[in-house]
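Here is the structure we will look at.
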Amino acid sequence: MKNLVRTPQHVLTGGLAIVFLFPLVWAALASVSPQAGTQQTDGWGFGNYATLANYQAGVWQYILNSTAISLLTVAFTLFASVTGGYAFANFRFPGRNALFLVTLAILMVPYATLLIPLYVLLNSLGLQNSLVGLALVLSMFQLPFATFMMRISFEAVPNELREAALIDGCGSLRALLRVLLPATRPGLITVGLFAFLAAWNDFITPLVLISDSDKMPLPLAVANLRGQVMGIVDYGATEAGVVVLALPCIVLFLALQRHYVRGFMSGALKG
Amino acid sequence: MTKAKAYAGWAYATPTALFVLVFFVLPILLVGRMSVSDWGLFAGNRGWNAPENFTAAVDNRLFWPAVWFTLKYTVVTTVILLGLALGLALLVQESSRWTGFLRTSFLVPSALGLASASLLFYALYSPQASPFPGQISFLGTPWSALWSTVALIVWRFAGFYMLLLLVGLNSIPGDVYEAARLDGAGRWQTFRHVTLPLLRPSLALCTILCVTGSLLAFDQFYILTKGGPDNSTVTIVQLVYNVAFQGQNNLGRAAALSIVVLAALLIVNMLQFRGLRGKER
């Protein structure tokens, strides 16, 4: 009886789920199906991916660029937020609160306001058109969330655990590496995941900071690929590009859903 | 000991301090300087130019249309997105296998980048590749371009806001509902007088995030509409980008404009904090 009552609700919610999943499924199918106005006009297959692979520097170059940018951003973000979070959680020093507040203040400033001076600044630092420079800027944008997350992760570690390590003759660095990092693994995964997704997907930052087409990350390359030949858009190759862009994000999301959700929850609870 | 601890603290904080100093504080100072200078994209600094940068930025014929469009887009997006997200959160509130599947389905789009989602909808909306029947013009008129973009944003972000609201819903203790039920409150009354008031902090957070994000919209319009048709969907951040890097190549004027945006954003957020906090008391 109860099941009968709930059936209309299942239909309604199932329909909603289909609406949300439809664009993703469509993009995946459309990228391998025959379509007018693409390089792949007859038969199913990977013709659109071949178009994508041969676009300018080749899709592998762009995937490589995006991977390098994302991994560098993860490394920089983890390094700064682990050391910073440790400092804020476990030490008292002059300027501690001011530095923490300024770090959070990054959230209040629009990207555009920062990117205009950063364009000039990176030029004078010799970091124009540089993947390292781009990763440094993307890491800065990650710092408020990452530092906050690592700070509350370190604060959640029981004091006894840290003191036991110190009594055992560990210096603060060894206590950090041997005891605290293993204890804050979930926080590290969340920070790393968010940094990776943000760097892999960012659009306006490379749009402003990277002009050399061989150094472009994948989202810029796919966006530029539209309308390359006499203003005619190759939608098939665009769909293939979207699939290549989305696939790692969806796989990471499904594999690490727990950590993804926790990242938002900590913001929601403390925000 | 305490002095040694303070040194150690600073040693650990140094990477953060360097990051913040070089990539945040210095740029803020520089953008202030640029906003009062005649600063070309390639020519660099050519001397003092205030308040001309600011007056020229506001006198740009696209300035007021961009402000108006950005505000309209922000209101429409925030109302629809948060309304839908609240509905979804209520639907999947109980945990079961089925709601677990629903949550994941609603959340998957939020794993995509905004640029990837925009590219996906760009193909979805195109006359050639679109799976929708007939010749629906998704981006051809100012009206349809606005709503097509809102649809993309709702698809991409609904699950994200649902998740934030779900955290708020789950933090409401069960006995509050129990008490309401004992008092004979119906479903609607419970929602109106118990759930909504207790959900206010979560709703406030979502509103601030959504308003801020929408006021600074860029990727979706840059990819989907390019500001068209007829410059009807140029947002304020797009205007900053165009003044700086496309056509005018005037970094000084763009810096001035971006400082106006920063000031407006700070004021809007201050008002929101006040408004949303004030009602709690």
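Within each chain, counting starts at residue 1; across the structure tokens, chains are named A, B, ... in the order shown, with ligands numbered 1 upward in that order.
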Next item on the list: With a distance cut-off of 10 Å and only C-alpha atoms, select the neighbouring residues of B:Ser110, excluding the residue or stretch itself and same-chain residues fewer than 2 positions from it, and output the selection as a ChimeraX atom specification.
Entry: /A:249-250,253 /B:105-108,112-114,117,153,155-161
Margin query: For A:Asp202, find every residue with an atom within 8 Å (counting only C-alpha atoms), except residues of its own chain fewer than 3 positions away, and show them as a VMD selection string.
Written below: (chain A and resid 198 to 199 205 to 206 219) or (chain B and resid 113 115)
Next item on the list: Write out as a list in words which residues come within 7 Å of B:Tyr125 when counting only C-alpha atoms, dropping same-chain ones fewer than 4 positions away.
Entry: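 Surrounding residues, per the criterion: Phe121, Ser130 and Phe138 of chain B.
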Put those residues in a file: C-alpha atoms, as a PDB file, in the first residue's frame.
```
ATOM      1  CA  PHE B 121      24.945  24.017 -23.631  1.00  0.00           C
ATOM      2  CA  SER B 130      20.484  20.613 -30.972  1.00  0.00           C
ATOM      3  CA  PHE B 138      17.751  29.714 -27.839  1.00  0.00           C
TER       4      PHE B 138
END
```
Margin query: Would you pick out the contacts of A:Val132 at 10 Å or less, using only C-alpha atoms, so that residues sharing its chain but fewer than 5 positions from it are not included, and give the list as an MDAnalysis selection string?
Written below: chainID A and resid 68:69 72:73 76 127 137:138
Kindly export the residues of the current selection with C-alpha atoms, as a PDB file, in the first residue's frame.
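Generated file (selection_21.pdb):
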```
ATOM      1  CA  ALA A  68      50.507  20.296 -15.383  1.00  0.00           C
ATOM      2  CA  ILE A  69      48.588  23.394 -14.276  1.00  0.00           C
ATOM      3  CA  LEU A  72      51.115  22.310  -9.773  1.00  0.00           C
ATOM      4  CA  THR A  73      48.106  24.089  -8.280  1.00  0.00           C
ATOM      5  CA  PHE A  76      51.267  24.738  -4.203  1.00  0.00           C
ATOM      6  CA  LEU A 127      56.045  34.818 -15.477  1.00  0.00           C
ATOM      7  CA  VAL A 137      47.672  32.616  -9.232  1.00  0.00           C
ATOM      8  CA  LEU A 138      45.150  29.750  -9.174  1.00  0.00           C
TER       9      LEU A 138
END
```
Can you build me a table of stretch 7-118 of chain B residues sitting at most 8 Å from stretch 220-243 of chain B, with the closest atom pair per residue and its distance in Å to one decimal, using only C-alpha atoms, sorted by chain and residue number, as a tab-separated table?
```
residue	atom	partner	partner_atom	distance
B:Leu62	CA	B:Leu239	CA	7.6
B:Phe63	CA	B:Ile236	CA	7.4
B:Pro65	CA	B:Ser232	CA	7.7
B:Ala66	CA	B:Thr235	CA	5.0
B:Val67	CA	B:Ile236	CA	6.0
B:Phe69	CA	B:Thr235	CA	6.5
B:Thr70	CA	B:Thr235	CA	5.2
B:Leu114	CA	B:Gln220	CA	6.9
B:Ala115	CA	B:Gln220	CA	6.6
B:Ser118	CA	B:Gln220	CA	5.4
```
Notebook entry, point to check: DSSP says helix (DSSP H, G or I) for which residues of stretch 41-244 of chain B? Put them as a PyMOL selection string?
Noted result: chain B and resi 52-59+63-91+97-111+114-124+142-170+174-182+187-215+219-224+236-244
Margin query: Between atom CA of A:Ala57 and atom CA of A:Asp214, what distance in Å does the model show, to one decimal?
Written below: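 Interatomic distance, atom CA of A:Ala57 to atom CA of A:Asp214: 6.1 Å.
The protein and nucleic acid residues lying at most 12 Å from A:Trp26 are A:Ile18, A:Val19, A:Phe20, A:Val32, A:Ser33, A:Gly236, A:Glu239, A:Ala240, A:Val242, A:Val243, B:Leu120, B:Phe121, B:Ala123, B:Leu124, B:Ala129, B:Ser130, B:Pro131, B:Phe132, with only C-alpha atoms considered and sequence neighbours fewer than 6 positions away removed.
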Could you take the residues named above and write them with C-alpha atoms, as a compact mmCIF listing (two decimals), in the first residue's frame?
```
# COMPACT_ATOMS: atom_id res chain seq x y z
CA ILE A 18 16.51 12.43 -16.03
CA VAL A 19 16.35 16.19 -16.71
CA PHE A 20 19.61 16.65 -14.80
CA VAL A 32 30.30 9.74 -31.26
CA SER A 33 27.23 9.95 -33.49
CA GLY A 236 30.98 17.47 -33.02
CA GLU A 239 31.06 17.91 -27.87
CA ALA A 240 34.12 15.66 -27.92
CA VAL A 242 33.33 18.71 -23.48
CA VAL A 243 33.52 14.95 -22.88
CA LEU B 120 28.00 21.74 -23.55
CA PHE B 121 24.95 24.02 -23.63
CA ALA B 123 26.17 22.77 -28.61
CA LEU B 124 22.84 21.82 -27.01
CA ALA B 129 23.43 20.06 -33.32
CA SER B 130 20.48 20.61 -30.97
CA PRO B 131 18.42 17.54 -30.09
CA PHE B 132 15.32 19.70 -29.63
```
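Nearest to A:Leu209 of all the residues A:Leu121, A:Leu16, A:Val261, A:Ala80 is A:Leu121, counting only C-alpha atoms.
Look at B:Gly87: the protein and nucleic acid residues within 12 Å of it, using only C-alpha atoms and passing over chain neighbours fewer than 2 places away, are Thr13 and Leu16 of chain A; Ile80, Leu81, Leu82, Gly83, Leu84, Ala85, Ala89, Leu90, Leu91, Val92, Gln93, Phe106, Ala158, Gly159, Tyr161, Met162, Leu163, Leu165, Leu166, Leu169 and Phe191 of chain B.
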Kindly export the residues of the current selection with N, CA and C atoms, as a compact mmCIF listing (two decimals), in the first residue's frame.
```
# COMPACT_ATOMS: atom_id res chain seq x y z
N THR A 13 10.19 12.41 -9.22
CA THR A 13 11.60 12.61 -8.89
C THR A 13 12.50 11.93 -9.92
N LEU A 16 12.80 14.24 -12.76
CA LEU A 16 13.75 15.31 -12.45
C LEU A 16 15.19 14.84 -12.64
N ILE B 80 15.13 31.80 -8.85
CA ILE B 80 14.82 30.49 -9.42
C ILE B 80 15.72 29.41 -8.83
N LEU B 81 17.01 29.71 -8.75
CA LEU B 81 17.97 28.71 -8.30
C LEU B 81 17.71 28.29 -6.86
N LEU B 82 17.52 29.26 -5.98
CA LEU B 82 17.34 28.91 -4.57
C LEU B 82 15.97 28.27 -4.33
N GLY B 83 14.94 28.73 -5.06
CA GLY B 83 13.63 28.10 -4.94
C GLY B 83 13.70 26.62 -5.33
N LEU B 84 14.33 26.36 -6.47
CA LEU B 84 14.45 24.98 -6.93
C LEU B 84 15.32 24.15 -5.98
N ALA B 85 16.43 24.74 -5.53
CA ALA B 85 17.35 24.01 -4.64
C ALA B 85 16.64 23.63 -3.35
N ALA B 89 16.08 19.87 -2.06
CA ALA B 89 16.58 19.46 -0.74
C ALA B 89 15.46 18.79 0.06
N LEU B 90 14.24 19.35 -0.03
CA LEU B 90 13.12 18.74 0.70
C LEU B 90 12.79 17.36 0.13
N LEU B 91 12.93 17.22 -1.20
CA LEU B 91 12.63 15.93 -1.83
C LEU B 91 13.58 14.83 -1.38
N VAL B 92 14.86 15.16 -1.23
CA VAL B 92 15.85 14.11 -0.95
C VAL B 92 16.28 14.11 0.51
N GLN B 93 15.47 14.75 1.36
CA GLN B 93 15.86 14.93 2.75
C GLN B 93 16.01 13.60 3.49
N PHE B 106 21.45 14.98 -9.11
CA PHE B 106 21.36 16.43 -9.06
C PHE B 106 22.74 17.06 -8.90
N ALA B 158 22.12 23.87 -9.21
CA ALA B 158 21.00 23.50 -8.33
C ALA B 158 21.44 22.46 -7.28
N GLY B 159 22.22 21.46 -7.72
CA GLY B 159 22.65 20.42 -6.80
C GLY B 159 23.57 20.96 -5.70
N TYR B 161 23.57 24.03 -4.39
CA TYR B 161 22.80 24.74 -3.35
C TYR B 161 21.88 23.79 -2.60
N MET B 162 21.40 22.73 -3.29
CA MET B 162 20.62 21.70 -2.60
C MET B 162 21.44 21.10 -1.46
N LEU B 163 22.71 20.84 -1.74
CA LEU B 163 23.59 20.23 -0.74
C LEU B 163 23.76 21.15 0.47
N LEU B 165 21.70 23.45 1.49
CA LEU B 165 20.43 23.53 2.23
C LEU B 165 20.15 22.23 2.98
N LEU B 166 20.62 21.11 2.40
CA LEU B 166 20.44 19.81 3.04
C LEU B 166 21.18 19.77 4.38
N LEU B 169 18.99 21.60 6.71
CA LEU B 169 17.79 20.82 7.05
C LEU B 169 18.12 19.73 8.07
N PHE B 191 6.22 23.62 7.59
CA PHE B 191 7.24 24.16 6.71
C PHE B 191 7.40 25.66 6.92
```
Next item on the list: Please indicate the distance in Å from atom CA of A:Gln56 to atom CA of B:Asn249, rounded to one decimal place.
Entry: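 About the pair atom CA of A:Gln56 and atom CA of B:Asn249: they are 26.5 Å apart.
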Notebook entry, point to check: What separation in Å, quoted to one decimal, exists between atom CA of B:Arg46 and atom CA of B:Phe19?
Noted result: 29.0 Å
Next item on the list: May I have the residues within 8 Å of stretch 257-264 of chain B as a ChimeraX atom specification, using only C-alpha atoms and disregarding those fewer than 4 positions away in the same chain?
Entry: /A:109-110,112-113 /B:31-32,35,54,57-58,236-237,240,253,268
